[in-house]
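The next block is query31.csv, given as CSV, N, CA and C atoms.
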```csv
chain,number,residue,atom,x,y,z
A,1,MET,N,12.8,21.7,41.3
A,1,MET,CA,12.7,20.4,40.6
A,1,MET,C,12.7,20.7,39.1
A,2,LYS,N,13.4,19.9,38.3
A,2,LYS,CA,13.4,20.0,36.8
A,2,LYS,C,12.8,18.8,36.2
A,3,LEU,N,11.7,19.0,35.5
A,3,LEU,CA,10.9,17.9,34.9
A,3,LEU,C,11.1,18.0,33.4
A,4,ILE,N,11.5,16.9,32.8
A,4,ILE,CA,11.7,16.8,31.3
A,4,ILE,C,10.5,16.0,30.8
A,5,ILE,N,9.8,16.6,29.9
A,5,ILE,CA,8.6,15.9,29.3
A,5,ILE,C,8.9,15.7,27.8
A,6,CYS,N,8.9,14.4,27.4
A,6,CYS,CA,9.2,14.0,26.0
A,6,CYS,C,7.9,13.6,25.3
A,7,GLY,N,8.0,13.5,24.1
A,7,GLY,CA,6.8,13.1,23.3
A,7,GLY,C,6.7,11.6,23.2
A,8,ASP,N,6.1,11.1,22.2
A,8,ASP,CA,5.9,9.6,22.0
A,8,ASP,C,7.2,8.9,21.7
A,9,LEU,N,7.4,7.8,22.4
A,9,LEU,CA,8.4,6.8,22.1
A,9,LEU,C,7.7,5.6,21.4
A,10,VAL,N,8.1,5.3,20.2
A,10,VAL,CA,7.4,4.2,19.4
A,10,VAL,C,8.4,3.1,19.1
A,11,PRO,N,8.3,2.0,19.7
A,11,PRO,CA,9.1,0.8,19.3
A,11,PRO,C,8.7,0.3,17.9
A,12,THR,N,9.6,0.2,17.0
A,12,THR,CA,9.4,-0.3,15.7
A,12,THR,C,10.4,-1.5,15.5
A,13,PRO,N,10.3,-2.2,14.4
A,13,PRO,CA,11.3,-3.2,14.1
A,13,PRO,C,12.7,-2.6,14.0
A,14,ALA,N,12.8,-1.4,13.5
A,14,ALA,CA,14.1,-0.7,13.4
A,14,ALA,C,14.7,-0.3,14.8
A,15,THR,N,13.8,0.1,15.7
A,15,THR,CA,14.3,0.6,17.0
A,15,THR,C,14.3,-0.5,18.1
A,16,ARG,N,13.6,-1.6,17.9
A,16,ARG,CA,13.5,-2.7,18.9
A,16,ARG,C,14.8,-3.1,19.5
A,17,PRO,N,15.9,-3.3,18.7
A,17,PRO,CA,17.2,-3.7,19.3
A,17,PRO,C,17.7,-2.6,20.3
A,18,ALA,N,17.5,-1.3,20.0
A,18,ALA,CA,17.9,-0.3,20.9
A,18,ALA,C,17.1,-0.3,22.2
A,19,PHE,N,15.8,-0.5,22.1
A,19,PHE,CA,14.9,-0.6,23.2
A,19,PHE,C,15.3,-1.8,24.1
A,20,ASP,N,15.6,-3.0,23.4
A,20,ASP,CA,16.0,-4.2,24.2
A,20,ASP,C,17.3,-4.0,24.9
A,21,LYS,N,18.2,-3.2,24.3
A,21,LYS,CA,19.5,-3.0,25.0
A,21,LYS,C,19.5,-1.8,25.9
A,22,LYS,N,18.4,-1.1,25.9
A,22,LYS,CA,18.2,0.2,26.7
A,22,LYS,C,19.3,1.2,26.3
A,23,ASP,N,19.5,1.3,25.0
A,23,ASP,CA,20.5,2.1,24.4
A,23,ASP,C,19.9,3.5,24.1
A,24,MET,N,20.0,4.4,25.1
A,24,MET,CA,19.3,5.7,25.0
A,24,MET,C,19.9,6.5,23.9
A,25,THR,N,21.2,6.4,23.7
A,25,THR,CA,21.8,7.2,22.6
A,25,THR,C,21.3,6.8,21.3
A,26,ALA,N,21.1,5.5,21.0
A,26,ALA,CA,20.6,5.1,19.8
A,26,ALA,C,19.1,5.6,19.6
A,27,LEU,N,18.4,5.7,20.7
A,27,LEU,CA,17.0,6.1,20.6
A,27,LEU,C,16.8,7.6,20.6
A,28,MET,N,17.6,8.3,21.4
A,28,MET,CA,17.4,9.7,21.6
A,28,MET,C,18.4,10.6,21.0
A,29,GLY,N,19.6,10.1,20.6
A,29,GLY,CA,20.6,10.9,20.0
A,29,GLY,C,21.2,11.9,20.9
A,30,ASP,N,21.4,13.1,20.4
A,30,ASP,CA,22.1,14.2,21.2
A,30,ASP,C,21.2,14.8,22.3
A,31,VAL,N,20.0,14.4,22.5
A,31,VAL,CA,19.2,15.0,23.5
A,31,VAL,C,19.3,14.2,24.9
A,32,VAL,N,20.1,13.1,24.9
A,32,VAL,CA,20.3,12.4,26.1
A,32,VAL,C,20.8,13.2,27.3
A,33,PRO,N,21.8,14.1,27.1
A,33,PRO,CA,22.2,15.0,28.2
A,33,PRO,C,21.1,15.9,28.7
A,34,VAL,N,20.2,16.3,27.9
A,34,VAL,CA,19.1,17.2,28.3
A,34,VAL,C,18.1,16.3,29.1
A,35,ILE,N,17.9,15.1,28.7
A,35,ILE,CA,17.0,14.2,29.4
A,35,ILE,C,17.6,13.9,30.8
A,36,LYS,N,18.9,13.6,30.8
A,36,LYS,CA,19.5,13.2,32.1
A,36,LYS,C,19.7,14.4,33.0
A,37,SER,N,19.6,15.6,32.5
A,37,SER,CA,19.7,16.8,33.3
A,37,SER,C,18.5,17.1,34.3
A,38,GLY,N,17.4,16.4,34.0
A,38,GLY,CA,16.2,16.6,34.8
A,38,GLY,C,16.2,15.8,36.0
A,39,ASP,N,15.4,16.2,37.0
A,39,ASP,CA,15.2,15.4,38.2
A,39,ASP,C,14.3,14.2,37.9
A,40,PHE,N,13.4,14.4,36.9
A,40,PHE,CA,12.5,13.4,36.5
A,40,PHE,C,12.3,13.6,35.0
A,41,ALA,N,12.1,12.5,34.2
A,41,ALA,CA,11.8,12.5,32.8
A,41,ALA,C,10.6,11.6,32.5
A,42,VAL,N,9.7,12.0,31.8
A,42,VAL,CA,8.5,11.2,31.4
A,42,VAL,C,8.4,11.3,29.9
A,43,ALA,N,7.8,10.2,29.4
A,43,ALA,CA,7.5,10.1,27.9
A,43,ALA,C,6.3,9.2,27.8
A,44,ASN,N,5.7,9.3,26.7
A,44,ASN,CA,4.5,8.5,26.3
A,44,ASN,C,5.0,7.3,25.5
A,45,LEU,N,4.8,6.0,26.1
A,45,LEU,CA,5.2,4.8,25.3
A,45,LEU,C,4.0,4.6,24.4
A,46,GLU,N,4.2,4.8,23.1
A,46,GLU,CA,3.1,4.8,22.1
A,46,GLU,C,2.9,3.4,21.5
A,47,CYS,N,2.5,2.5,22.4
A,47,CYS,CA,2.2,1.1,22.0
A,47,CYS,C,1.4,0.4,23.1
A,48,ALA,N,0.9,-0.7,22.8
A,48,ALA,CA,0.2,-1.5,23.8
A,48,ALA,C,1.1,-2.4,24.5
A,49,LEU,N,0.9,-2.6,25.9
A,49,LEU,CA,1.7,-3.6,26.6
A,49,LEU,C,0.8,-4.7,27.0
A,50,THR,N,1.2,-5.9,26.8
A,50,THR,CA,0.4,-7.1,27.0
A,50,THR,C,1.2,-8.3,27.5
A,51,LYS,N,0.5,-9.3,28.0
A,51,LYS,CA,1.1,-10.6,28.3
A,51,LYS,C,0.8,-11.6,27.2
A,52,ARG,N,0.0,-11.2,26.2
A,52,ARG,CA,-0.4,-12.1,25.1
A,52,ARG,C,0.7,-12.2,24.1
A,53,ASP,N,0.8,-13.3,23.4
A,53,ASP,CA,1.7,-13.5,22.3
A,53,ASP,C,1.3,-12.9,21.0
A,54,ASN,N,0.0,-12.7,20.8
A,54,ASN,CA,-0.5,-12.2,19.5
A,54,ASN,C,-1.0,-10.8,19.6
A,55,ALA,N,-0.7,-10.0,18.6
A,55,ALA,CA,-1.1,-8.6,18.6
A,55,ALA,C,-2.6,-8.6,18.3
A,56,ILE,N,-3.3,-7.6,18.8
A,56,ILE,CA,-4.7,-7.3,18.5
A,56,ILE,C,-4.7,-6.6,17.1
A,57,ARG,N,-5.8,-6.5,16.5
A,57,ARG,CA,-6.0,-5.8,15.3
A,57,ARG,C,-6.0,-4.3,15.5
A,58,LYS,N,-4.8,-3.7,15.3
A,58,LYS,CA,-4.7,-2.2,15.5
A,58,LYS,C,-3.5,-1.7,14.7
A,59,LEU,N,-3.3,-0.5,14.7
A,59,LEU,CA,-2.1,0.1,14.1
A,59,LEU,C,-1.1,0.4,15.3
A,60,GLY,N,0.2,0.2,15.0
A,60,GLY,CA,1.2,0.5,16.0
A,60,GLY,C,1.8,-0.7,16.5
A,61,ALA,N,2.8,-0.5,17.4
A,61,ALA,CA,3.6,-1.6,17.9
A,61,ALA,C,2.9,-2.3,19.1
A,62,LEU,N,3.4,-3.4,19.5
A,62,LEU,CA,3.0,-4.2,20.6
A,62,LEU,C,4.2,-4.8,21.3
A,63,LEU,N,4.3,-4.5,22.6
A,63,LEU,CA,5.4,-5.1,23.4
A,63,LEU,C,4.8,-6.1,24.4
A,64,LYS,N,5.4,-7.3,24.5
A,64,LYS,CA,4.9,-8.3,25.4
A,64,LYS,C,5.7,-8.0,26.7
A,65,GLY,N,4.9,-7.8,27.8
A,65,GLY,CA,5.5,-7.6,29.1
A,65,GLY,C,5.7,-8.9,29.9
A,66,GLU,N,6.6,-8.9,30.8
A,66,GLU,CA,6.9,-10.1,31.6
A,66,GLU,C,5.8,-10.2,32.8
A,67,PRO,N,5.5,-11.4,33.2
A,67,PRO,CA,4.5,-11.5,34.3
A,67,PRO,C,5.0,-11.0,35.6
```

How would this structure read if it were set down as C-alpha cells?
Amino acid sequence: MKLIICGDLVPTPATRPAFDKKDMTALMGDVVPVIKSGDFAVANLECALTKRDNAIRKLGALLKGEP
C-alpha cells in the first residue's frame, strides 16, 4: 500500500475558486501525479468547518458545510 501524506491545505479568497471547482491542478500544481500515484492520500484541511454563516473570531479560513 502506498500512502501519500500532504501538509496543510488552506482555503483563501485566492484559492477558493479552485476548491469550489475541485481543480487539483490549480491547487497542487505539478505534484498531482504524485498524489494520484498513492493508494490513499491524506492532508490537513487547515480551517474550521461549520454550518454557521458567520465566522468565529479566529485567524484562518472558514468553510460552511452542507447539512

Exercise. Could you pull the residues within 6 Å of Glu46 of chain A, counting all atoms listed in the file, minus those fewer than 6 positions along the same chain, as a PyMOL selection string?
Worked result: chain A and resi 8-11+61

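In this structure, atom C of Ile5 of chain A sits 18.0 Å away from atom CA of Phe19 of chain A.
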
For this session: Counting all atoms listed in the file, find the residues whose atoms lie at most 8 Å from (10.5, 16.7, 26.2) (file coordinates) and write them out as a PyMOL selection string.
Result: chain A and resi 3-7+35+41-43

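Selecting strand (DSSP E or B) from the backbone DSSP output for chain A yields Leu3, Ile4, Ile5, Cys6, Gly7, Asp8, Leu9, Phe40, Ala41, Val42, Ala43, Asn44, Leu45, Cys47, Ala48, Leu49, Thr50, Ala61, Leu62, Leu63 and Lys64 of chain A.
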
Exercise. With distances taken over only N, CA and C atoms, which of A:Leu45, A:Asn54, A:Thr25, A:Ser37 is nearest to Lys2 of chain A?
Worked result: A:Ser37

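Atom CA of Phe40 of chain A lies 8.1 Å from atom CA of Met1 of chain A.
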
Seminar exercise, completed: Correct to one decimal, the distance atom N of Lys36 of chain A-atom CA of Leu49 of chain A is 24.7 Å

For this session: Could you find all residues in chain A that DSSP calls alpha helix (DSSP H) from the backbone, and write them as a list in words?
Result: Arg16, Pro17, Ala18, Phe19, Asp20, Lys21, Met24, Thr25, Ala26, Leu27, Met28, Val32, Pro33, Val34, Ile35 and Lys36 of chain A

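Take the candidates A:Ala26, A:Thr50, A:Pro33, A:Gly38 and check each one against Ala14 of chain A using only C-alpha atoms; the shortest distance goes to A:Ala26.
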